[in-house]
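Just below is one structure, and these are the notes that go with it.
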Amino acid sequence: MNAGMKQGQCPDCGSAEVFPIEVNRHQGGSIFVRLRDTYSLKRIELITLACGDCGLIRQYAAEDTKTRNHLRRAFIRPPEGPR
């Protein structure tokens, strides 16, 4: 399995030329999610990484407990069982 961009390796070309990019929150550096239990909106800050060799760009949610909790509360999971 290939290392991910957060580990400093591009999953497309394998390059170690992976760098963070500063993206303004109003230009795609954050998203809003609606929490299922309270219906309130929460801003989730995004980390943007780019490969200097092939140009692949990926965004990830910040890795803190509060952000992960908001994401879990916002996602709608499909029902369990046969389809």
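Residue numbers start at 1 in each chain; chains themselves are named A, B, ... in the order of the structure tokens; ligands are numbered from 1 in the order shown.
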
message = I need the helix (DSSP H, G or I) residues of chain A per DSSP on the backbone, written as a PyMOL selection string.
response = chain A and resi 5-7+25-27+65-74

message = With only C-alpha atoms as the counted atoms, please give the residues lying no more than 10 Å from segment 40-51 of chain A, apart from itself and same-chain residues fewer than 2 positions off, as a ChimeraX atom specification.
response = /A:5-6,8-25,28-38,53-63,66-68,70-71,74

request  = Could you tell me, as number ranges by chain, which residues of chain A DSSP assigns to strand (DSSP E) when given the backbone?
outcome  = A: 18-21, 30-34, 41-51, 57-61
